[in-house]
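Here the structure comes first, spelled out in structure tokens, and everything after it is commentary.
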Amino acid sequence: MERRLLNTSQTFTPEAIAAIQESAELGRYSIRGFGAFRNVPRLDDLVFLTATLTRFPLEGYRERCETRTVLGTRFARKPLELSVPITVAGMSFGALSRTAKVALGRAASLVGTSTTTGDGGMLAAEREASAKLVYQCLPSRYGFSPADLKKADAIEIVVGQGAKPGGGGLLLGQKVNQVVAGMRTLPEGVDQRSPCRHPDWIGPDDLRIKIEELREATDWEIPIYVKLGATRVTDDVKLAVKAGADVIVLDGMEGGTAATQSTFQDHVGIPTLPAIVLAVEALKDMDMLGEVQLVVSGGIRSGADVAKALALGADAVSLGTATLVAMGCNKPIYVEDYEKLGTAPYHCHHCHTGLCPVGIATQDEALMARLDVDQATTHVANYLQTLVMEAQSLARACGKSDVHNLEREDLVALTLEASAMARVPLAGTQWVVGQNPL
Amino acid sequence: MLDTPAQTSVLSLDCAQLTTRELNQRLKALATEGIPAVRILNPEGRHNVAVGLTGPIQVTIEGSIGYYCGGLADGPTLEILGSSGWSLGENLMNGQILVRGNASACAAASAHGGRVIVLGNAGPRAGISLKGATLVVLGNVSYSAAFMMQAGRLIIAGDAGPNLGDSMYQGEIFVGGELTSLGADACETEITDSDWQTLEQELLPWGLDPHSRSFKKIVCAGELYHFKAKDWSKWKDAY
Ligand SMILES: Cc1cc2nc3c(=O)[nH]c(=O)nc-3n(C[C@H](O)[C@H](O)[C@H](O)COP(=O)(O)O)c2cc1C
Ligand code: SF4
């Protein structure tokens with residue numbers, strides 16, 4: 001056979017060519033789900049220095065390693081007490097099916113943690129399924145009601161999301177069926193675009209008053225989180241703390257989404273790794289470390305990711321995409337339906353279409369029937385438990401009797417970038433890039 | 001501080017002697033007890049008064065009030081004998097809020113139900129993201145009123161500033177005075193007999209005969225309901 005040499009432009013890559021031609025045909029930007037595609041410095045670029053002769057490990061199957069996590073201790077009378085440092089992130093009913101929301105709630109309850117509503121309001125079935133439910137207050141305020149507020153275990157004011165800090169929500173018409181439209185007070189089938197700014201406040205001074213309003217409405221009982229997409233993390237964290245947040249939820253650029261302009265997902269915000277470090281430093285600067293808790297999200301997949309986030313100073317992590325994957329997103333079943341979407345298992349990012357082959361990111365009853373709620377619940381719970389066990393095993397190996405005792409000193413970096421961003425030494429050296437001389 | 005002034009049998013709460021927390025706790029307790037009416041003295045621009053208040057209690061605020069007055073409330077009747085700060089009646093579910101003076105920005109933001117009446121003028125973004133409530137402004141409104149409105153009714157007896165009804169989804173807007181400009185996807189439609197009846201119902205109680213003005217009705221054209229290439233210029237230039 002004739003051997004041909006195919007040259008690929010590093011500027012006009014096949015992806016760039018496809019993107020240009022898609023815009024040319026559509027006449028608009030591409031919208032997709034799943035979060036950033038590009039490679040960024042990530043927690044994978046860090047490794048633990050576990051115990052050997054200089055540190056003593058804890059016995060893996062015998063000695064306790066605490067995982068209890070309390071969020072919202074600053075002002076709330078009823079902070080959220082979680083059994084594990086892993087929570088389920090806000091994903092809207094509308095983006096996700098009712099059954100997927102219920103499975104997430106049940107799974108979170110089984111492992112003793114919280115789940116979160118999303119853009120579109122609180123689903124009664126979700127409230128029932130979730131022992132602890134965080135109620136999002138988003139710019140759109142779809143379905144936001146004081147009655148649901150009183151049923152919430154915490155409030156999360158969404159200022160931004162890692163996949164699109166500075167951008168508003170999108171839900172394409174295929175998913176805006178009668179129920180979703182009813183909950184959101186929208187015309188059925190509309191391509192819903194939601195605002196990026198809150199309707200009733202602008203800027204941190206107003207946010208302080210908004211937070212007081214929500215506290216007054218809930219009698220200062222439940223914690224108030226402020227969720228930020230990671231951009232100018234240092235200032236944003238300080239302003240949110242000053243405005244009175246109990247908990248900062250920080251979503252890095254890897255953070256998932258159900259539908260966002262691709263251009264936002266790959267070109268906006270900073271990765272989760274540097275975001276955690278900046279947030280911890282900002283809290284330290286304000287002497288608020290431990291008083292205001294930090295929850296981080298964006299690309300968390302494994303117990304190692306969890307342990308590293310905690311070692312860098314986070315109090316908990318929050319998971320979106322990975323929980324969907326645990327319940328079957330991108331699983332190699334119904335392959336022909338992935339093909340109809342022009343994709344394949346392991347490559348699907350088509351949540352925006354509403355035609356999710358595995359019945360998770362859809363409002364179509366026939367597709368939804370593909371998701372077995374009991375099995376989805378078990379799988380998500382199993383997965384979350386596995387993450388906890390992995391994080392515990394790393395913590396024990398580092399000699400820690402509590403996962404929260406993991407510390408930066410337990411880590412080194414494998415790349416120059418990660419060393420600079422995490423402020424930990426490059427493996428095999430004493431050199432913290434950007435901090436001390438070589 | 002709970003006292004019963006000699007000249008009236010209505011209970012009063014004095015902001016000068018109560019924190020916001022105490023004030024709202026008292027108000028909620030009085031509403032729960034079924035007390036019909038209460039006066040709030042010396043409001044002096046206090047924020048977050050009567051937030052999350054439920055039930056049919058009647059509250060008269062004797063002065064000007066700060067942000068979020070009546071926010072997240074469900075059922076009370078509030079009367080403000082002065083002007084109000086930002087986000088008056090934000091996310092109101094039911095009940096009525098009357099402001100005798102002016103209302104600052106974002107009056108009735110995202111309000112789902114009930115009625116907010118401003119006898120003076122309203123600032124920018126009045127009725128933003130309105131979700132079913134009625135907002136009546138006897139005077140003028142500033143820019144971007146009813147931005148992204150979803151349902152409900154905004155009645156402006158005076159003039160409307162630029163970009164009225166920008167990106168609204170549904171609902172209706174009436175303007176009795178000058179209309180500076182319409183926002184993206186808002187359009188004028190014919191005003192019907194039943195609209196005039198509505199206007200009479202909403203305005204006559206405040207001493208204004210709608211027929212003394214040339215009201216226009218604004219609704220959503222629905223041209224931005226779907227992302228389409230042909231709408232490029234609208235998306236590009238949308239305010
Ligand atoms: C399907 C889906 C829907 C989402 N909907 C919302 C939402 O309604 N509100 C919100 O604040 N974030 C939303 N997010 C973002 C998540 O809350 C979270 O920030 C993100 O998923 C974390 O990153 P990860 O997916 O890599 O774990 C959504 C994410 C996904 C995957
Ligand atoms: S499989 Fe479903 S949930 Fe997963 S990316 Fe595709 S559409 Fe989204």
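Scheme for the structure tokens: letters A, B, ... for chains in order shown; per-chain residue numbers from 1; ligand numbers from 1 in order shown.
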
- Please determine the contact residues of chain A with respect to chain B at a cut-off of 9 Å, counting only C-alpha atoms, and supply them as a ChimeraX atom specification. /A:26-28,140-146,172-173,184-187,189-192,194-195,199-201,206,209-210,212-214,216-220

- Message: Within 8 Å of ligand 2 (counting only C-alpha atoms and all ligand atoms), which residues show up? I'd like them as a count of residues only.
- Response: 28

- Task: Give the residue list for ligand 1 at 6 Å, counting only C-alpha atoms and all ligand atoms, as a list in words, sorted by chain and then by residue number.
- Result: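 These are the residues that qualify: Phe34, Ala89, Gly90, Met91, Ser92, Ala95, Leu96, Gly118, Asp119, Val158, Gln161, Asp251, Glu254, Gly255, Gly256, Thr257, Ala258, Ser297, Gly298, Gly299, Ile300, Leu319, Gly320, Thr321 and Ala322 of chain A.
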
Write the selection just made, keeping all heavy atoms, as a short mmCIF file (atom, residue, chain, number, x, y, z; two decimals), in the first residue's frame?
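Wrote selection16.cif, looks like this:
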data_model
loop_
_atom_site.label_atom_id
_atom_site.label_comp_id
_atom_site.auth_asym_id
_atom_site.auth_seq_id
_atom_site.Cartn_x
_atom_site.Cartn_y
_atom_site.Cartn_z
N PHE A 34 -20.19 19.70 28.96
CA PHE A 34 -19.03 18.94 29.44
C PHE A 34 -17.83 19.71 29.96
O PHE A 34 -16.98 19.14 30.59
CB PHE A 34 -18.56 17.97 28.34
CG PHE A 34 -18.24 16.59 28.89
CD1 PHE A 34 -19.23 15.82 29.47
CD2 PHE A 34 -16.95 16.09 28.84
CE1 PHE A 34 -18.94 14.56 30.00
CE2 PHE A 34 -16.65 14.83 29.36
CZ PHE A 34 -17.66 14.06 29.93
N ALA A 89 -22.54 18.90 43.18
CA ALA A 89 -22.67 20.28 42.70
C ALA A 89 -24.07 20.56 42.16
O ALA A 89 -24.82 19.64 41.85
CB ALA A 89 -21.63 20.54 41.61
N GLY A 90 -24.36 21.83 42.00
CA GLY A 90 -25.66 22.26 41.48
C GLY A 90 -25.78 21.97 39.99
O GLY A 90 -25.00 22.46 39.19
N MET A 91 -26.75 21.15 39.66
CA MET A 91 -27.02 20.87 38.24
C MET A 91 -28.53 20.95 38.09
O MET A 91 -29.27 20.33 38.83
CB MET A 91 -26.48 19.50 37.86
CG MET A 91 -24.95 19.46 37.93
SD MET A 91 -24.25 17.89 37.45
CE MET A 91 -24.39 16.96 38.98
N SER A 92 -28.97 21.73 37.13
CA SER A 92 -30.38 22.07 37.13
C SER A 92 -31.27 20.93 36.67
O SER A 92 -30.88 20.12 35.82
CB SER A 92 -30.61 23.28 36.21
OG SER A 92 -30.46 22.91 34.87
N ALA A 95 -31.60 20.84 32.73
CA ALA A 95 -30.39 20.29 32.11
C ALA A 95 -30.42 18.78 32.32
O ALA A 95 -30.20 18.00 31.41
CB ALA A 95 -29.16 20.90 32.75
N LEU A 96 -30.70 18.37 33.56
CA LEU A 96 -30.79 16.94 33.89
C LEU A 96 -32.25 16.53 33.98
O LEU A 96 -33.13 17.34 34.25
CB LEU A 96 -30.11 16.67 35.25
CG LEU A 96 -28.62 16.97 35.36
CD1 LEU A 96 -28.10 16.51 36.72
CD2 LEU A 96 -27.84 16.28 34.25
N GLY A 118 -30.35 23.82 41.13
CA GLY A 118 -29.67 24.42 39.98
C GLY A 118 -30.56 25.49 39.40
O GLY A 118 -31.57 25.85 40.01
N ASP A 119 -30.19 25.94 38.22
CA ASP A 119 -30.99 26.95 37.54
C ASP A 119 -32.33 26.31 37.19
O ASP A 119 -32.37 25.37 36.43
CB ASP A 119 -30.25 27.33 36.25
CG ASP A 119 -30.58 28.72 35.79
OD1 ASP A 119 -31.35 29.40 36.47
OD2 ASP A 119 -30.05 29.12 34.75
N VAL A 158 -25.18 32.08 43.35
CA VAL A 158 -24.28 31.80 42.24
C VAL A 158 -23.90 33.11 41.56
O VAL A 158 -24.72 33.77 40.94
CB VAL A 158 -24.92 30.84 41.22
CG1 VAL A 158 -23.96 30.58 40.06
CG2 VAL A 158 -25.32 29.53 41.90
N GLN A 161 -19.82 30.50 37.39
CA GLN A 161 -19.58 29.08 37.24
C GLN A 161 -18.27 28.94 36.47
O GLN A 161 -18.03 29.73 35.55
CB GLN A 161 -20.73 28.54 36.39
CG GLN A 161 -21.25 27.19 36.73
CD GLN A 161 -22.36 26.83 35.74
OE1 GLN A 161 -23.36 27.53 35.64
NE2 GLN A 161 -22.16 25.76 35.02
N ASP A 251 -15.28 27.37 41.56
CA ASP A 251 -15.36 26.45 40.43
C ASP A 251 -14.30 26.82 39.39
O ASP A 251 -14.34 27.90 38.81
CB ASP A 251 -16.77 26.57 39.83
CG ASP A 251 -17.16 25.42 38.93
OD1 ASP A 251 -16.55 24.34 39.03
OD2 ASP A 251 -18.10 25.60 38.13
N GLU A 254 -12.13 23.99 34.52
CA GLU A 254 -12.49 22.65 34.03
C GLU A 254 -13.93 22.31 34.36
O GLU A 254 -14.44 21.28 33.93
CB GLU A 254 -11.60 21.58 34.70
CG GLU A 254 -10.12 21.74 34.49
CD GLU A 254 -9.44 22.44 35.67
OE1 GLU A 254 -9.89 23.55 36.04
OE2 GLU A 254 -8.49 21.90 36.22
N GLY A 255 -14.59 23.14 35.13
CA GLY A 255 -15.94 22.86 35.62
C GLY A 255 -16.91 22.53 34.50
O GLY A 255 -16.88 23.13 33.43
N GLY A 256 -17.77 21.57 34.78
CA GLY A 256 -18.74 21.09 33.80
C GLY A 256 -19.89 22.06 33.60
O GLY A 256 -20.09 23.01 34.36
N THR A 257 -20.65 21.80 32.57
CA THR A 257 -21.83 22.59 32.24
C THR A 257 -22.71 21.72 31.35
O THR A 257 -22.25 20.74 30.78
CB THR A 257 -21.44 23.87 31.48
OG1 THR A 257 -22.62 24.53 31.03
CG2 THR A 257 -20.55 23.60 30.29
N ALA A 258 -23.97 22.08 31.25
CA ALA A 258 -24.85 21.34 30.34
C ALA A 258 -24.92 22.01 28.99
O ALA A 258 -25.18 21.36 27.99
CB ALA A 258 -26.24 21.23 30.95
N SER A 297 -14.44 23.01 43.09
CA SER A 297 -14.93 22.09 42.06
C SER A 297 -14.29 22.42 40.73
O SER A 297 -13.61 23.43 40.58
CB SER A 297 -16.46 22.19 41.95
OG SER A 297 -16.84 23.51 41.62
N GLY A 298 -14.53 21.54 39.80
CA GLY A 298 -13.98 21.72 38.46
C GLY A 298 -13.00 20.60 38.16
O GLY A 298 -11.83 20.67 38.52
N GLY A 299 -13.50 19.54 37.54
CA GLY A 299 -12.63 18.46 37.09
C GLY A 299 -12.19 17.48 38.16
O GLY A 299 -11.18 16.79 37.99
N ILE A 300 -12.90 17.41 39.27
CA ILE A 300 -12.54 16.45 40.32
C ILE A 300 -13.08 15.07 39.90
O ILE A 300 -14.27 14.93 39.64
CB ILE A 300 -13.13 16.84 41.69
CG1 ILE A 300 -12.75 18.28 42.06
CG2 ILE A 300 -12.73 15.84 42.78
CD1 ILE A 300 -11.33 18.50 42.47
N LEU A 319 -18.70 17.84 43.14
CA LEU A 319 -18.60 17.10 41.89
C LEU A 319 -19.84 17.25 41.03
O LEU A 319 -20.95 17.08 41.51
CB LEU A 319 -18.43 15.60 42.18
CG LEU A 319 -17.02 15.06 42.35
CD1 LEU A 319 -16.36 15.66 43.57
CD2 LEU A 319 -17.05 13.55 42.46
N GLY A 320 -19.62 17.52 39.77
CA GLY A 320 -20.73 17.56 38.81
C GLY A 320 -20.58 16.41 37.83
O GLY A 320 -21.11 15.31 38.02
N THR A 321 -19.80 16.68 36.78
CA THR A 321 -19.65 15.71 35.67
C THR A 321 -19.38 14.29 36.15
O THR A 321 -19.99 13.34 35.65
CB THR A 321 -18.50 16.19 34.75
OG1 THR A 321 -18.76 17.54 34.37
CG2 THR A 321 -18.39 15.31 33.52
N ALA A 322 -18.46 14.13 37.09
CA ALA A 322 -18.08 12.78 37.50
C ALA A 322 -19.26 11.98 38.05
O ALA A 322 -19.35 10.77 37.85
CB ALA A 322 -16.95 12.86 38.54
#

- Mind listing the strand (DSSP E or B) residues of stretch 91-232 of chain B, per DSSP on the backbone, as a PyMOL selection string? chain B and resi 94-99+103+115-118+122+131-137+141+151-156+160+164+172-175+179+182+186-189+216-220

- Task: Kindly give the distance, in Å, that separates atom CA of A:Thr11 and atom CA of A:Ile270, rounded to a single decimal.
- Result: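 Between these atoms lies a distance of 22.8 Å.
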
- Query: If we count only C-alpha atoms, what is near B:Trp196 at a cut-off of 12 Å, once residues fewer than 2 positions away on the same chain are taken out, given as a ChimeraX atom specification?
  - Reply: /B:155,174,176,190-194,198-204,209-217

Preceding selection exported with N, CA, C and O atoms as an mmCIF file, in the first residue's frame:
data_model
loop_
_atom_site.group_PDB
_atom_site.id
_atom_site.type_symbol
_atom_site.label_atom_id
_atom_site.label_comp_id
_atom_site.auth_asym_id
_atom_site.auth_seq_id
_atom_site.Cartn_x
_atom_site.Cartn_y
_atom_site.Cartn_z
ATOM 1 N N ILE B 155 -47.117 48.684 34.379
ATOM 2 C CA ILE B 155 -47.872 49.844 33.907
ATOM 3 C C ILE B 155 -47.090 51.098 34.276
ATOM 4 O O ILE B 155 -46.798 51.323 35.457
ATOM 5 N N PHE B 174 -47.451 48.641 29.659
ATOM 6 C CA PHE B 174 -48.245 49.768 29.174
ATOM 7 C C PHE B 174 -47.497 51.055 29.514
ATOM 8 O O PHE B 174 -46.998 51.198 30.630
ATOM 9 N N GLY B 176 -47.956 55.248 29.385
ATOM 10 C CA GLY B 176 -48.901 56.341 29.151
ATOM 11 C C GLY B 176 -48.245 57.604 28.624
ATOM 12 O O GLY B 176 -48.898 58.455 28.031
ATOM 13 N N GLU B 190 -51.591 46.358 19.489
ATOM 14 C CA GLU B 190 -52.820 47.120 19.659
ATOM 15 C C GLU B 190 -53.365 46.985 21.079
ATOM 16 O O GLU B 190 -53.335 45.897 21.665
ATOM 17 N N ILE B 191 -53.864 48.061 21.604
ATOM 18 C CA ILE B 191 -54.411 48.047 22.962
ATOM 19 C C ILE B 191 -55.912 47.757 22.859
ATOM 20 O O ILE B 191 -56.601 48.322 22.018
ATOM 21 N N THR B 192 -56.386 46.812 23.661
ATOM 22 C CA THR B 192 -57.774 46.346 23.501
ATOM 23 C C THR B 192 -58.680 46.954 24.576
ATOM 24 O O THR B 192 -58.200 47.568 25.530
ATOM 25 N N ASP B 193 -59.976 46.719 24.423
ATOM 26 C CA ASP B 193 -60.924 47.213 25.422
ATOM 27 C C ASP B 193 -60.636 46.619 26.795
ATOM 28 O O ASP B 193 -60.722 47.299 27.818
ATOM 29 N N SER B 194 -60.289 45.334 26.791
ATOM 30 C CA SER B 194 -60.043 44.732 28.103
ATOM 31 C C SER B 194 -58.769 45.304 28.725
ATOM 32 O O SER B 194 -58.641 45.397 29.950
ATOM 33 N N THR B 198 -58.367 47.010 32.407
ATOM 34 C CA THR B 198 -57.276 46.723 33.349
ATOM 35 C C THR B 198 -56.637 48.018 33.825
ATOM 36 O O THR B 198 -56.393 48.216 35.020
ATOM 37 N N LEU B 199 -56.367 48.910 32.880
ATOM 38 C CA LEU B 199 -55.720 50.175 33.240
ATOM 39 C C LEU B 199 -56.600 50.988 34.191
ATOM 40 O O LEU B 199 -56.103 51.598 35.146
ATOM 41 N N GLU B 200 -57.896 50.959 33.941
ATOM 42 C CA GLU B 200 -58.810 51.680 34.856
ATOM 43 C C GLU B 200 -58.733 51.083 36.249
ATOM 44 O O GLU B 200 -58.609 51.798 37.252
ATOM 45 N N GLN B 201 -58.791 49.739 36.291
ATOM 46 C CA GLN B 201 -58.734 49.077 37.603
ATOM 47 C C GLN B 201 -57.456 49.407 38.358
ATOM 48 O O GLN B 201 -57.447 49.588 39.564
ATOM 49 N N GLU B 202 -56.351 49.467 37.611
ATOM 50 C CA GLU B 202 -55.063 49.656 38.272
ATOM 51 C C GLU B 202 -54.777 51.115 38.594
ATOM 52 O O GLU B 202 -54.028 51.396 39.527
ATOM 53 N N LEU B 203 -55.330 52.055 37.810
ATOM 54 C CA LEU B 203 -54.928 53.456 37.980
ATOM 55 C C LEU B 203 -55.965 54.343 38.664
ATOM 56 O O LEU B 203 -55.605 55.259 39.404
ATOM 57 N N LEU B 204 -57.248 54.065 38.437
ATOM 58 C CA LEU B 204 -58.274 54.924 39.047
ATOM 59 C C LEU B 204 -58.148 54.998 40.573
ATOM 60 O O LEU B 204 -58.280 56.085 41.147
ATOM 61 N N ASP B 209 -56.925 58.873 35.720
ATOM 62 C CA ASP B 209 -57.800 58.316 34.684
ATOM 63 C C ASP B 209 -56.933 57.947 33.485
ATOM 64 O O ASP B 209 -56.326 58.823 32.862
ATOM 65 N N PRO B 210 -56.836 56.667 33.164
ATOM 66 C CA PRO B 210 -55.941 56.259 32.066
ATOM 67 C C PRO B 210 -56.306 56.918 30.741
ATOM 68 O O PRO B 210 -55.441 57.127 29.894
ATOM 69 N N HIS B 211 -57.577 57.291 30.600
ATOM 70 C CA HIS B 211 -57.992 57.879 29.319
ATOM 71 C C HIS B 211 -57.431 59.289 29.134
ATOM 72 O O HIS B 211 -57.510 59.853 28.051
ATOM 73 N N SER B 212 -56.849 59.832 30.210
ATOM 74 C CA SER B 212 -56.213 61.143 30.078
ATOM 75 C C SER B 212 -54.819 61.010 29.439
ATOM 76 O O SER B 212 -54.131 61.992 29.220
ATOM 77 N N ARG B 213 -54.376 59.785 29.195
ATOM 78 C CA ARG B 213 -53.054 59.551 28.577
ATOM 79 C C ARG B 213 -53.243 58.717 27.304
ATOM 80 O O ARG B 213 -54.247 58.024 27.168
ATOM 81 N N SER B 214 -52.242 58.762 26.442
ATOM 82 C CA SER B 214 -52.353 57.919 25.231
ATOM 83 C C SER B 214 -51.515 56.653 25.442
ATOM 84 O O SER B 214 -50.360 56.591 25.035
ATOM 85 N N PHE B 215 -52.096 55.691 26.125
ATOM 86 C CA PHE B 215 -51.346 54.484 26.466
ATOM 87 C C PHE B 215 -50.979 53.646 25.251
ATOM 88 O O PHE B 215 -51.765 53.498 24.312
ATOM 89 N N LYS B 216 -49.780 53.118 25.297
ATOM 90 C CA LYS B 216 -49.318 52.155 24.290
ATOM 91 C C LYS B 216 -49.092 50.827 25.003
ATOM 92 O O LYS B 216 -48.755 50.797 26.176
ATOM 93 N N LYS B 217 -49.243 49.748 24.263
ATOM 94 C CA LYS B 217 -49.016 48.423 24.849
ATOM 95 C C LYS B 217 -47.810 47.769 24.172
ATOM 96 O O LYS B 217 -47.717 47.746 22.948
#

- Message: For B:Asp159, find every residue with an atom within 9 Å (counting only C-alpha atoms), except residues of its own chain fewer than 4 positions away, and show them as a PyMOL selection string.
- Response: chain B and resi 139-142+175-180

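You can rank A:Arg208, A:Arg3, A:His379, A:Lys132 by their closest distance to A:Pro79 using only C-alpha atoms, and at the top of that list sits A:Lys132.
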
- Task: Mind the document's chain letters and residue numbers, and return as a PyMOL selection string the residues of stretch 116-297 of chain A that DSSP labels alpha helix (DSSP H).
- Result: chain A and resi 124-129+146-151+178-184+204-217+233-242+262-267+272-285

- Message: Need to verify the contact set: stretch 95-97 of chain B, 6 Å, only C-alpha atoms, exclusion of same-chain residues closer than 3 positions in sequence. Can you return it as a list in words?
- Response: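 The filter keeps Gly75, Pro76, Thr77, Leu78, Glu79, Gly114, Arg115 and Val116 of chain B.
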
- Message: Counting only C-alpha atoms, which residue out of A:Val134, A:Arg77, A:Ala326, A:Leu43 sits closest to A:Gly105?
- Response: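 Ranking A:Val134, A:Arg77, A:Ala326, A:Leu43 by distance to A:Gly105, first place goes to A:Val134.
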
- Query: Which neighbours of A:Val292 fall inside 6 Å, counting only C-alpha atoms, when residues of the same chain fewer than 3 positions from it are skipped, and could you give them as a ChimeraX atom specification?
  - Reply: /A:246-247,288
